[in-house]
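J.: Sharing start17.txt here; it has compact mmCIF, C-alpha atoms and all ligand atoms.
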```
# COMPACT_ATOMS: atom_id res chain seq x y z
CA MET Y 1 20.94 7.92 4.73
CA GLY Y 2 24.03 10.00 4.21
CA GLN Y 3 25.69 8.37 7.20
CA LEU Y 4 25.66 5.03 5.40
CA ASN Y 5 27.64 6.33 2.45
CA GLU Y 6 30.63 4.04 2.13
CA ALA Y 7 30.03 2.58 5.59
CA ARG Y 8 31.06 -1.06 6.05
CA ILE Y 9 27.68 -2.74 6.34
CA PHE Y 10 27.16 -6.32 7.50
CA VAL Y 11 23.71 -7.89 7.05
CA THR Y 12 22.89 -11.23 8.66
CA GLY Y 13 20.00 -12.95 6.91
CA GLY Y 14 20.53 -10.79 3.81
CA ALA Y 15 19.52 -13.62 1.47
CA GLY Y 16 16.03 -13.81 2.99
CA PHE Y 17 12.84 -11.96 2.13
CA ILE Y 18 13.35 -8.70 4.05
CA GLY Y 19 17.15 -8.94 3.81
CA PHE Y 20 17.00 -9.05 0.02
CA HIS Y 21 14.98 -5.81 -0.20
CA LEU Y 22 17.17 -4.14 2.43
CA CYS Y 23 20.41 -5.13 0.68
CA LYS Y 24 19.13 -4.02 -2.71
CA LYS Y 25 18.63 -0.54 -1.27
CA LEU Y 26 21.90 -0.58 0.71
CA SER Y 27 23.90 -1.57 -2.37
CA SER Y 28 23.06 1.82 -3.86
CA LEU Y 29 24.52 3.54 -0.77
CA THR Y 30 27.76 1.67 -0.19
CA SER Y 31 30.19 -0.52 -2.05
CA ASN Y 32 31.13 -2.23 1.20
CA LEU Y 33 28.21 -4.54 1.82
CA THR Y 34 28.49 -8.06 3.21
CA ILE Y 35 25.68 -10.61 3.46
CA TYR Y 36 26.23 -13.32 6.05
CA ASP Y 37 23.64 -16.06 5.63
CA ASN Y 38 23.55 -19.85 5.91
CA LEU Y 39 20.83 -20.09 3.21
CA SER Y 40 18.61 -22.21 5.48
CA SER Y 41 15.58 -20.30 4.21
CA GLY Y 42 17.30 -17.60 2.15
CA LYS Y 43 18.00 -17.96 -1.54
CA VAL Y 44 21.22 -17.62 -3.48
CA GLU Y 45 19.15 -16.12 -6.37
CA ASN Y 46 18.30 -13.22 -4.07
CA VAL Y 47 22.00 -12.53 -3.53
CA LYS Y 48 22.69 -12.69 -7.27
CA HIS Y 49 20.21 -9.84 -7.81
CA ILE Y 50 22.13 -7.50 -5.50
CA PRO Y 51 24.96 -5.58 -7.15
CA ARG Y 52 28.36 -5.06 -5.49
CA VAL Y 53 27.81 -7.40 -2.56
CA ARG Y 54 30.17 -9.79 -0.79
CA PHE Y 55 28.40 -13.01 0.17
CA VAL Y 56 29.53 -15.24 3.04
CA LYS Y 57 27.65 -18.53 3.38
CA ALA Y 58 27.94 -19.10 7.10
CA ASP Y 59 26.00 -19.53 10.30
CA ILE Y 60 25.40 -17.03 13.13
CA ARG Y 61 25.69 -20.02 15.49
CA ASP Y 62 29.39 -20.07 14.61
CA PRO Y 63 31.02 -17.34 16.75
CA LYS Y 64 34.55 -17.93 15.37
CA LYS Y 65 33.38 -17.46 11.81
CA LEU Y 66 31.53 -14.28 12.78
CA GLN Y 67 34.58 -12.89 14.58
CA SER Y 68 36.80 -13.63 11.58
CA GLN Y 69 34.76 -11.35 9.30
CA GLU Y 70 35.96 -7.91 8.27
CA LYS Y 71 35.23 -5.04 10.65
CA ALA Y 72 31.73 -3.57 10.26
CA ASP Y 73 30.47 -0.07 11.03
CA VAL Y 74 26.80 -1.05 10.91
CA ILE Y 75 25.23 -4.46 11.47
CA PHE Y 76 21.66 -5.22 10.45
CA HIS Y 77 20.83 -8.46 12.29
CA LEU Y 78 17.97 -10.19 10.46
CA ALA Y 79 19.06 -13.84 10.43
CA ALA Y 80 16.62 -15.94 12.40
CA GLN Y 81 14.56 -19.06 12.57
CA VAL Y 82 11.23 -17.39 11.68
CA VAL Y 83 8.61 -20.15 11.72
CA VAL Y 84 6.44 -20.19 14.86
CA PRO Y 85 5.21 -23.84 14.62
CA TYR Y 86 8.80 -24.97 13.92
CA SER Y 87 9.93 -23.18 17.09
CA MET Y 88 7.35 -25.17 19.09
CA GLU Y 89 8.61 -28.46 17.65
CA ASN Y 90 12.31 -27.52 17.84
CA PRO Y 91 12.68 -25.08 20.75
CA ILE Y 92 16.39 -25.74 21.29
CA GLU Y 93 17.30 -25.14 17.65
CA ASP Y 94 15.13 -22.01 17.67
CA PHE Y 95 16.93 -20.79 20.82
CA GLU Y 96 20.36 -21.56 19.35
CA THR Y 97 19.66 -19.41 16.28
CA ASN Y 98 17.53 -16.59 17.66
CA ALA Y 99 18.94 -16.16 21.17
CA ARG Y 100 22.50 -17.50 21.11
CA GLY Y 101 22.96 -16.47 17.47
CA THR Y 102 21.96 -12.91 18.39
CA LEU Y 103 24.45 -12.94 21.25
CA ASN Y 104 27.18 -14.08 18.83
CA VAL Y 105 26.30 -11.19 16.49
CA LEU Y 106 26.37 -8.73 19.41
CA GLU Y 107 29.85 -9.98 20.33
CA LYS Y 108 31.01 -9.14 16.81
CA ALA Y 109 29.37 -5.71 17.20
CA ARG Y 110 31.19 -5.21 20.52
CA LYS Y 111 34.56 -6.04 18.96
CA ASP Y 112 33.88 -3.77 15.95
CA ASP Y 113 32.12 -1.02 17.96
CA ALA Y 114 29.40 -1.28 15.31
CA ARG Y 115 25.95 0.19 15.32
CA VAL Y 116 23.27 -2.54 15.41
CA VAL Y 117 19.70 -2.78 14.19
CA PHE Y 118 17.93 -5.91 15.47
CA THR Y 119 14.71 -7.20 13.90
CA SER Y 120 12.36 -8.42 16.58
CA SER Y 121 8.72 -9.36 16.25
CA ALA Y 122 5.10 -8.90 17.34
CA ALA Y 123 5.56 -12.38 18.82
CA VAL Y 124 7.18 -10.81 21.91
CA TYR Y 125 3.74 -9.42 22.89
CA GLY Y 126 1.86 -12.71 22.46
CA ASN Y 127 -1.87 -12.56 23.15
CA THR Y 128 -2.06 -9.12 24.67
CA PRO Y 129 -5.38 -7.54 25.69
CA VAL Y 130 -3.89 -4.10 25.02
CA LEU Y 131 -4.75 -3.21 21.42
CA PRO Y 132 -3.33 -1.43 19.54
CA THR Y 133 -0.22 -2.50 21.44
CA PRO Y 134 2.39 0.12 22.38
CA GLU Y 135 6.07 -0.74 22.93
CA SER Y 136 5.61 -0.12 26.67
CA TYR Y 137 3.22 -3.10 27.00
CA GLY Y 138 6.02 -5.48 28.01
CA TYR Y 139 6.48 -9.13 27.14
CA SER Y 140 4.03 -12.06 27.14
CA PRO Y 141 5.20 -14.35 24.30
CA ALA Y 142 2.95 -17.27 23.35
CA SER Y 143 5.59 -19.23 21.42
CA CYS Y 144 9.20 -20.33 21.70
CA TYR Y 145 9.91 -18.05 18.71
CA GLY Y 146 8.49 -15.08 20.66
CA LEU Y 147 10.52 -16.03 23.72
CA SER Y 148 13.79 -16.39 21.79
CA LYS Y 149 13.16 -12.92 20.30
CA VAL Y 150 12.60 -11.56 23.84
CA VAL Y 151 15.99 -13.01 24.84
CA GLY Y 152 17.58 -11.42 21.76
CA GLU Y 153 16.04 -8.05 22.70
CA GLN Y 154 17.20 -8.36 26.30
CA TYR Y 155 20.79 -9.01 25.19
CA CYS Y 156 20.54 -5.97 22.89
CA ASN Y 157 19.39 -3.86 25.85
CA MET Y 158 22.22 -5.24 28.01
CA TYR Y 159 24.88 -4.52 25.35
CA SER Y 160 23.44 -1.07 24.87
CA LYS Y 161 23.52 -0.22 28.59
CA GLN Y 162 26.67 -2.01 29.74
CA TYR Y 163 28.93 -1.74 26.68
CA GLY Y 164 27.54 1.52 25.28
CA LEU Y 165 26.74 0.04 21.88
CA ASP Y 166 24.35 1.99 19.64
CA ILE Y 167 21.49 -0.47 19.17
CA THR Y 168 17.95 -0.09 17.88
CA ILE Y 169 15.28 -2.78 18.09
CA LEU Y 170 12.51 -2.87 15.49
CA ARG Y 171 9.52 -5.06 16.30
CA LEU Y 172 8.04 -5.97 12.95
CA ALA Y 173 4.38 -6.80 12.38
CA ASN Y 174 3.43 -9.01 9.38
CA VAL Y 175 5.70 -8.02 6.54
CA TYR Y 176 4.55 -8.63 2.96
CA GLY Y 177 5.68 -7.61 -0.52
CA PRO Y 178 7.44 -9.07 -3.57
CA ARG Y 179 9.06 -12.46 -2.83
CA CYS Y 180 7.31 -12.74 0.54
CA HIS Y 181 6.46 -15.95 2.28
CA GLY Y 182 3.73 -16.19 4.90
CA VAL Y 183 -0.04 -16.15 4.74
CA ILE Y 184 -0.42 -14.27 1.42
CA GLU Y 185 1.98 -16.59 -0.40
CA ASP Y 186 0.41 -19.59 1.33
CA PHE Y 187 -3.09 -18.59 0.09
CA LEU Y 188 -1.82 -17.99 -3.46
CA ASN Y 189 -0.22 -21.45 -3.50
CA LYS Y 190 -3.38 -23.09 -2.19
CA ILE Y 191 -5.62 -21.25 -4.68
CA SER Y 192 -3.37 -22.12 -7.62
CA ARG Y 193 -3.44 -25.81 -6.59
CA ASN Y 194 -7.22 -25.85 -6.07
CA PRO Y 195 -9.25 -22.72 -6.89
CA GLU Y 196 -12.46 -24.31 -5.57
CA LYS Y 197 -11.45 -24.40 -1.91
CA LEU Y 198 -9.32 -22.26 0.37
CA GLU Y 199 -8.60 -23.70 3.80
CA ILE Y 200 -7.62 -21.33 6.58
CA ILE Y 201 -5.72 -22.70 9.57
CA GLY Y 202 -7.50 -21.60 12.75
CA SER Y 203 -10.82 -19.74 12.98
CA GLY Y 204 -9.96 -17.15 10.35
CA MET Y 205 -10.86 -14.51 12.94
CA GLN Y 206 -7.23 -14.13 13.96
CA SER Y 207 -6.02 -10.78 12.67
CA ARG Y 208 -2.74 -9.25 11.58
CA ASP Y 209 -1.16 -5.85 11.04
CA PHE Y 210 0.28 -5.96 7.50
CA VAL Y 211 3.20 -3.70 6.66
CA HIS Y 212 4.87 -3.51 3.25
CA VAL Y 213 8.51 -4.55 2.98
CA PHE Y 214 9.48 -1.26 1.26
CA ASP Y 215 8.20 0.65 4.31
CA VAL Y 216 10.11 -1.77 6.57
CA VAL Y 217 13.34 -1.15 4.61
CA ASP Y 218 12.88 2.62 5.09
CA ALA Y 219 12.42 2.01 8.84
CA LEU Y 220 15.55 -0.19 9.02
CA ILE Y 221 17.67 2.46 7.32
CA LEU Y 222 16.23 5.22 9.49
CA ALA Y 223 16.98 3.11 12.57
CA ALA Y 224 20.62 2.84 11.51
CA THR Y 225 21.08 6.52 10.73
CA SER Y 226 18.94 8.54 13.12
CA ASP Y 227 20.47 9.68 16.43
CA ALA Y 228 16.99 9.57 17.97
CA ALA Y 229 16.82 5.81 17.29
CA VAL Y 230 19.78 4.88 19.49
CA GLY Y 231 18.81 2.74 22.48
CA GLU Y 232 15.16 2.67 21.41
CA THR Y 233 12.61 0.00 20.52
CA PHE Y 234 9.96 0.71 17.89
CA ASN Y 235 6.86 -1.04 16.56
CA ILE Y 236 6.91 -1.18 12.76
CA GLY Y 237 3.44 -1.96 11.41
CA PHE Y 238 0.69 -0.22 9.50
CA GLY Y 239 -1.32 0.49 12.65
CA LYS Y 240 -4.38 -1.38 11.33
CA THR Y 241 -5.58 -4.94 11.79
CA VAL Y 242 -7.18 -7.22 9.21
CA THR Y 243 -8.70 -10.65 9.92
CA ILE Y 244 -7.39 -13.58 7.92
CA ILE Y 245 -10.89 -14.18 6.50
CA GLU Y 246 -11.01 -10.53 5.34
CA LEU Y 247 -7.59 -11.01 3.72
CA ALA Y 248 -8.75 -14.21 1.97
CA LYS Y 249 -11.84 -12.41 0.63
CA MET Y 250 -9.78 -9.44 -0.58
CA MET Y 251 -7.47 -11.82 -2.46
CA LEU Y 252 -10.30 -13.87 -3.96
CA LYS Y 253 -12.05 -10.68 -5.11
CA ILE Y 254 -8.90 -9.52 -6.93
CA LEU Y 255 -8.57 -12.96 -8.54
CA GLY Y 256 -12.25 -12.91 -9.58
CA LEU Y 257 -12.88 -16.01 -7.48
CA LEU Y 258 -15.00 -14.61 -4.63
CA ASP Y 259 -18.16 -16.44 -5.77
CA LYS Y 260 -16.33 -19.58 -6.88
CA THR Y 261 -13.99 -20.46 -4.02
CA VAL Y 262 -15.35 -21.90 -0.76
CA ILE Y 263 -13.47 -20.69 2.32
CA THR Y 264 -13.16 -23.30 5.08
CA THR Y 265 -11.48 -23.09 8.48
CA THR Y 266 -9.78 -25.80 10.54
CA ASN Y 267 -10.83 -23.98 13.74
CA VAL Y 268 -7.64 -25.31 15.35
CA PRO Y 269 -4.89 -22.70 15.56
CA TRP Y 270 -1.30 -23.84 15.40
CA LYS Y 271 0.59 -24.03 18.67
CA GLY Y 272 1.95 -20.63 19.63
CA ASP Y 273 -0.34 -18.66 17.28
CA ILE Y 274 -1.50 -15.18 18.29
CA ASN Y 275 -5.14 -14.03 18.01
CA LYS Y 276 -4.64 -10.44 17.15
CA ILE Y 277 -1.70 -8.31 16.06
CA TRP Y 278 -2.36 -4.60 15.96
CA PHE Y 279 0.50 -2.19 16.56
CA ASP Y 280 0.40 1.26 18.07
CA ILE Y 281 2.91 3.02 15.79
CA SER Y 282 2.68 6.48 17.36
CA LYS Y 283 6.19 6.25 18.93
CA VAL Y 284 8.04 5.68 15.65
CA GLN Y 285 5.92 8.34 13.95
CA ARG Y 286 6.75 10.84 16.68
CA VAL Y 287 10.42 10.01 17.32
CA LEU Y 288 11.69 9.06 13.85
CA GLY Y 289 9.04 10.64 11.64
CA TRP Y 290 8.54 7.24 9.96
CA GLN Y 291 5.18 6.67 8.34
CA PRO Y 292 4.03 3.59 6.41
CA LYS Y 293 3.15 4.67 2.89
CA ILE Y 294 1.81 1.49 1.28
CA SER Y 295 -1.54 0.06 2.37
CA LEU Y 296 -2.56 -3.58 1.93
CA GLU Y 297 -5.72 -2.55 0.07
CA ASP Y 298 -3.69 -0.55 -2.45
CA ASN Y 299 -0.89 -3.06 -2.91
CA LEU Y 300 -2.50 -6.50 -2.86
CA ARG Y 301 -3.56 -6.43 -6.54
CA GLU Y 302 -0.05 -5.40 -7.64
CA LEU Y 303 1.49 -8.08 -5.43
CA ILE Y 304 -0.74 -10.84 -6.80
CA MET Y 305 0.05 -9.82 -10.39
CA GLU Y 306 3.79 -9.40 -9.68
CA ARG Y 307 4.02 -12.81 -8.09
CA LYS Y 308 3.68 -14.39 -11.50
CA MET Y 309 7.11 -12.95 -12.33
CA PHE Y 310 8.73 -14.87 -9.48
CA SER Y 311 6.83 -18.18 -9.70
P1 LIG T 401 13.59 -15.14 6.02
O1 LIG T 401 13.44 -16.54 6.51
O2 LIG T 401 13.21 -14.85 4.61
O3 LIG T 401 15.05 -14.61 6.26
C1 LIG T 401 15.87 -15.07 7.33
C2 LIG T 401 17.25 -15.27 6.75
O4 LIG T 401 18.12 -15.71 7.81
C3 LIG T 401 17.30 -16.36 5.66
O5 LIG T 401 18.01 -15.88 4.54
C4 LIG T 401 18.03 -17.52 6.32
O6 LIG T 401 18.75 -18.32 5.40
C5 LIG T 401 18.91 -16.78 7.33
N1 LIG T 401 19.28 -17.60 8.48
C6 LIG T 401 18.47 -18.35 9.26
N2 LIG T 401 19.17 -18.96 10.22
C7 LIG T 401 20.47 -18.58 10.06
C8 LIG T 401 21.67 -18.89 10.73
N3 LIG T 401 21.67 -19.71 11.79
N4 LIG T 401 22.81 -18.33 10.30
C9 LIG T 401 22.83 -17.49 9.23
N5 LIG T 401 21.71 -17.17 8.54
C10 LIG T 401 20.55 -17.71 8.95
O7 LIG T 401 12.73 -14.22 7.02
P2 LIG T 401 12.33 -12.69 6.90
O8 LIG T 401 10.87 -12.65 6.81
O9 LIG T 401 13.14 -11.99 5.88
O10 LIG T 401 12.73 -12.18 8.37
C11 LIG T 401 13.86 -11.39 8.63
C12 LIG T 401 13.84 -10.97 10.10
O11 LIG T 401 12.67 -10.22 10.38
C13 LIG T 401 13.84 -12.15 11.08
O12 LIG T 401 14.67 -11.81 12.16
C14 LIG T 401 12.40 -12.25 11.52
O13 LIG T 401 12.29 -12.82 12.81
C15 LIG T 401 11.99 -10.79 11.49
N6 LIG T 401 10.53 -10.64 11.32
C16 LIG T 401 9.95 -10.94 10.12
C17 LIG T 401 8.56 -10.79 9.98
C18 LIG T 401 7.86 -11.09 8.68
O14 LIG T 401 6.62 -10.93 8.62
N7 LIG T 401 8.53 -11.49 7.61
C19 LIG T 401 7.79 -10.37 11.08
C20 LIG T 401 8.43 -10.11 12.28
C21 LIG T 401 9.81 -10.22 12.40
```
Using the file provided, produce a representation of the structure as structure tokens.

T.:
Amino acid sequence: MGQLNEARIFVTGGAGFIGFHLCKKLSSLTSNLTIYDNLSSGKVENVKHIPRVRFVKADIRDPKKLQSQEKADVIFHLAAQVVVPYSMENPIEDFETNARGTLNVLEKARKDDARVVFTSSAAVYGNTPVLPTPESYGYSPASCYGLSKVVGEQYCNMYSKQYGLDITILRLANVYGPRCHGVIEDFLNKISRNPEKLEIIGSGMQSRDFVHVFDVVDALILAATSDAAVGETFNIGFGKTVTIIELAKMMLKILGLLDKTVITTTNVPWKGDINKIWFDISKVQRVLGWQPKISLEDNLRELIMERKMFS
């Protein structure tokens, strides 16, 4: 962490869910923090809660704007189109943001000679039979989102090898925590609208590896400061998998609704969905000494109660 003291840090997507938590932590380490975000899914309220930050409302698809920003020492590249079904309906827009946008950010990094941490996704593995999945598995994306992240990763690897940039790729599993969106938030919204019925999209047997955003922030900072992280790709998950039906039951139990709410399933997954996400996290444990500290079982109650503060 010491290496980030007073570094010029540039965070794309800093107004989003993970970016907010990352920037909150970074703002205690440096007074030179810039968030670059077009607010397409991020929130200006998030930015307002981060002390000592410079906010630039702009798009990573705009290379001139990116190049006109102040020099950065470290770039955390989080900005992305993150919705899998949207990527299937709008593959070109998804590509423009996640693939070309990443290339634009890497060009800024090349000019600045900045260190880069790129947030990739479990979506690059797609429906893999190798579970838990190690980084060495390779690519078999099942969605345009997964494919655009693969392209982003490949450009990172190219810039690392050919231009000698210090780049680390973190493949994130399902991130949850305060202010999250995704399946947990979706269930809470559905239950608050109608506590008698909870509809799950798909069979409910699809499963996910849930990792808490505070653990992800620790991994992001470690990736930017550890020499051992340079040129590497790491899975960042909890190393456990939970089916969506199990998650729904855990949530209903906490809410005291397990006997009152009927769980139904559509049995039709959305296009590009993955059956099972389960990360092998032994590489990041071994190389960086990172270990997830917060389990879903322990944190879900707190998260459900906390959510009331943000609703
Ligand atoms: P988010 O949608 O909350 O944050 C993304 C941010 O990027 C938003 O603030 C949005 O306004 C900004 N953005 C989008 N397009 C932009 C553009 N063209 N120019 C500038 N800014 C733009 O999502 P998140 O969950 O915080 O995800 C952050 C990163 O982590 C993404 O790269 C995502 O692919 C990756 N990731 C997230 C998860 C997860 O479970 N949340 C899992 C795997 C990977």

J.: Please provide as a PyMOL selection string all residues within 10 Å of Y:Glu45, with the sequence filter that same-chain residues fewer than 5 positions apart are discarded (counting all atoms listed in the file).

T.: chain Y and resi 15+20+50

J.: Using only C-alpha atoms and all ligand atoms, tabulate the residues of chain Y lying at most 6 Å from any atom of ligand LIG 401 (chain T), each with its closest atom pair and that distance in Å to one decimal, by chain and increasing residue number, as JSON lines.

T.:
```
{"residue": "Y:Gly13", "atom": "CA", "partner": "T:LIG401", "partner_atom": "O4", "distance": 3.5}
{"residue": "Y:Gly14", "atom": "CA", "partner": "T:LIG401", "partner_atom": "O5", "distance": 5.7}
{"residue": "Y:Ala15", "atom": "CA", "partner": "T:LIG401", "partner_atom": "O5", "distance": 4.1}
{"residue": "Y:Gly16", "atom": "CA", "partner": "T:LIG401", "partner_atom": "O5", "distance": 3.3}
{"residue": "Y:Phe17", "atom": "CA", "partner": "T:LIG401", "partner_atom": "O9", "distance": 3.8}
{"residue": "Y:Ile18", "atom": "CA", "partner": "T:LIG401", "partner_atom": "O9", "distance": 3.8}
{"residue": "Y:Gly19", "atom": "CA", "partner": "T:LIG401", "partner_atom": "O9", "distance": 5.4}
{"residue": "Y:Asp37", "atom": "CA", "partner": "T:LIG401", "partner_atom": "N5", "distance": 3.7}
{"residue": "Y:Asn38", "atom": "CA", "partner": "T:LIG401", "partner_atom": "C9", "distance": 4.1}
{"residue": "Y:Leu39", "atom": "CA", "partner": "T:LIG401", "partner_atom": "O6", "distance": 3.5}
{"residue": "Y:Ser40", "atom": "CA", "partner": "T:LIG401", "partner_atom": "O6", "distance": 3.9}
{"residue": "Y:Ser41", "atom": "CA", "partner": "T:LIG401", "partner_atom": "O6", "distance": 3.9}
{"residue": "Y:Gly42", "atom": "CA", "partner": "T:LIG401", "partner_atom": "O5", "distance": 3.0}
{"residue": "Y:Ala58", "atom": "CA", "partner": "T:LIG401", "partner_atom": "C9", "distance": 5.8}
{"residue": "Y:Asp59", "atom": "CA", "partner": "T:LIG401", "partner_atom": "N4", "distance": 3.4}
{"residue": "Y:Ile60", "atom": "CA", "partner": "T:LIG401", "partner_atom": "N4", "distance": 4.1}
{"residue": "Y:Arg61", "atom": "CA", "partner": "T:LIG401", "partner_atom": "N3", "distance": 5.5}
{"residue": "Y:Leu78", "atom": "CA", "partner": "T:LIG401", "partner_atom": "O12", "distance": 4.1}
{"residue": "Y:Ala79", "atom": "CA", "partner": "T:LIG401", "partner_atom": "O4", "distance": 3.4}
{"residue": "Y:Ala80", "atom": "CA", "partner": "T:LIG401", "partner_atom": "C6", "distance": 4.4}
{"residue": "Y:Gln81", "atom": "CA", "partner": "T:LIG401", "partner_atom": "C6", "distance": 5.2}
{"residue": "Y:Val82", "atom": "CA", "partner": "T:LIG401", "partner_atom": "O13", "distance": 4.8}
{"residue": "Y:Thr97", "atom": "CA", "partner": "T:LIG401", "partner_atom": "N3", "distance": 4.9}
{"residue": "Y:Thr119", "atom": "CA", "partner": "T:LIG401", "partner_atom": "O12", "distance": 4.9}
{"residue": "Y:Ser120", "atom": "CA", "partner": "T:LIG401", "partner_atom": "C21", "distance": 5.2}
{"residue": "Y:Ser121", "atom": "CA", "partner": "T:LIG401", "partner_atom": "C20", "distance": 4.1}
{"residue": "Y:Leu172", "atom": "CA", "partner": "T:LIG401", "partner_atom": "C20", "distance": 4.2}
{"residue": "Y:Ala173", "atom": "CA", "partner": "T:LIG401", "partner_atom": "C19", "distance": 5.1}
{"residue": "Y:Asn174", "atom": "CA", "partner": "T:LIG401", "partner_atom": "O14", "distance": 3.8}
{"residue": "Y:Val175", "atom": "CA", "partner": "T:LIG401", "partner_atom": "O14", "distance": 3.7}
```

J.: Work out how far apart atom CA of Y:Leu4 and atom CA of Y:Glu153 are and give it in Å to one decimal.

T.: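 Computing the Euclidean distance for atom CA of Y:Leu4 and atom CA of Y:Glu153 yields 23.7 Å.
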
J.: Could you please give me, as number ranges by chain, the residues of protein, DNA or RNA lying at most 7 Å from (2.4, -12.0, 20.5) in the coordinate frame of the file, considering all atoms listed in the file?

T.: Y: 122-128, 140-142, 146, 274

J.: Select, counting only C-alpha atoms, all protein, DNA and RNA residues no farther than 6 Å from (16.7, -2.5, 11.7) in file coordinates, and express the selection as a PyMOL selection string.

T.: chain Y and resi 76+117-119+170+220+223

J.: Between atom CA of Y:Pro195 and atom CA of Y:Ser207, what is the distance in Å, rounded to a tenth?

T.: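 Taking atom CA of Y:Pro195 as the start and atom CA of Y:Ser207 as the end point, the length is 23.1 Å.
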
J.: So, with all atoms listed in the file as the atoms that count, which of Y:Phe10, Y:Trp278, Y:Phe238, Y:Tyr159 lies closest to Y:Val130?

T.: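 With all atoms listed in the file as the atom set, the closest residue is Y:Trp278.
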
J.: Pick from Y:Leu252, Y:Ala229, Y:Leu106, Y:Ala72: nearest to Y:Ser192, with only C-alpha atoms counted?

T.: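 Under the stated criterion, the closest residue is Y:Leu252.
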
J.: Please measure the separation of atom CA of Y:Asn235 and atom CA of Y:Ala99, giving the value in Å to one decimal.

T.: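 According to the coordinates, atom CA of Y:Asn235 and atom CA of Y:Ala99 are separated by 19.9 Å.
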
J.: Smallest atom-to-atom distance to Y:Asn5: which of Y:Leu131, Y:Leu33, Y:Leu22, Y:Arg115, using only C-alpha atoms?

T.: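 Of Y:Leu131, Y:Leu33, Y:Leu22, Y:Arg115, the one nearest Y:Asn5, counting only C-alpha atoms, is Y:Leu33.
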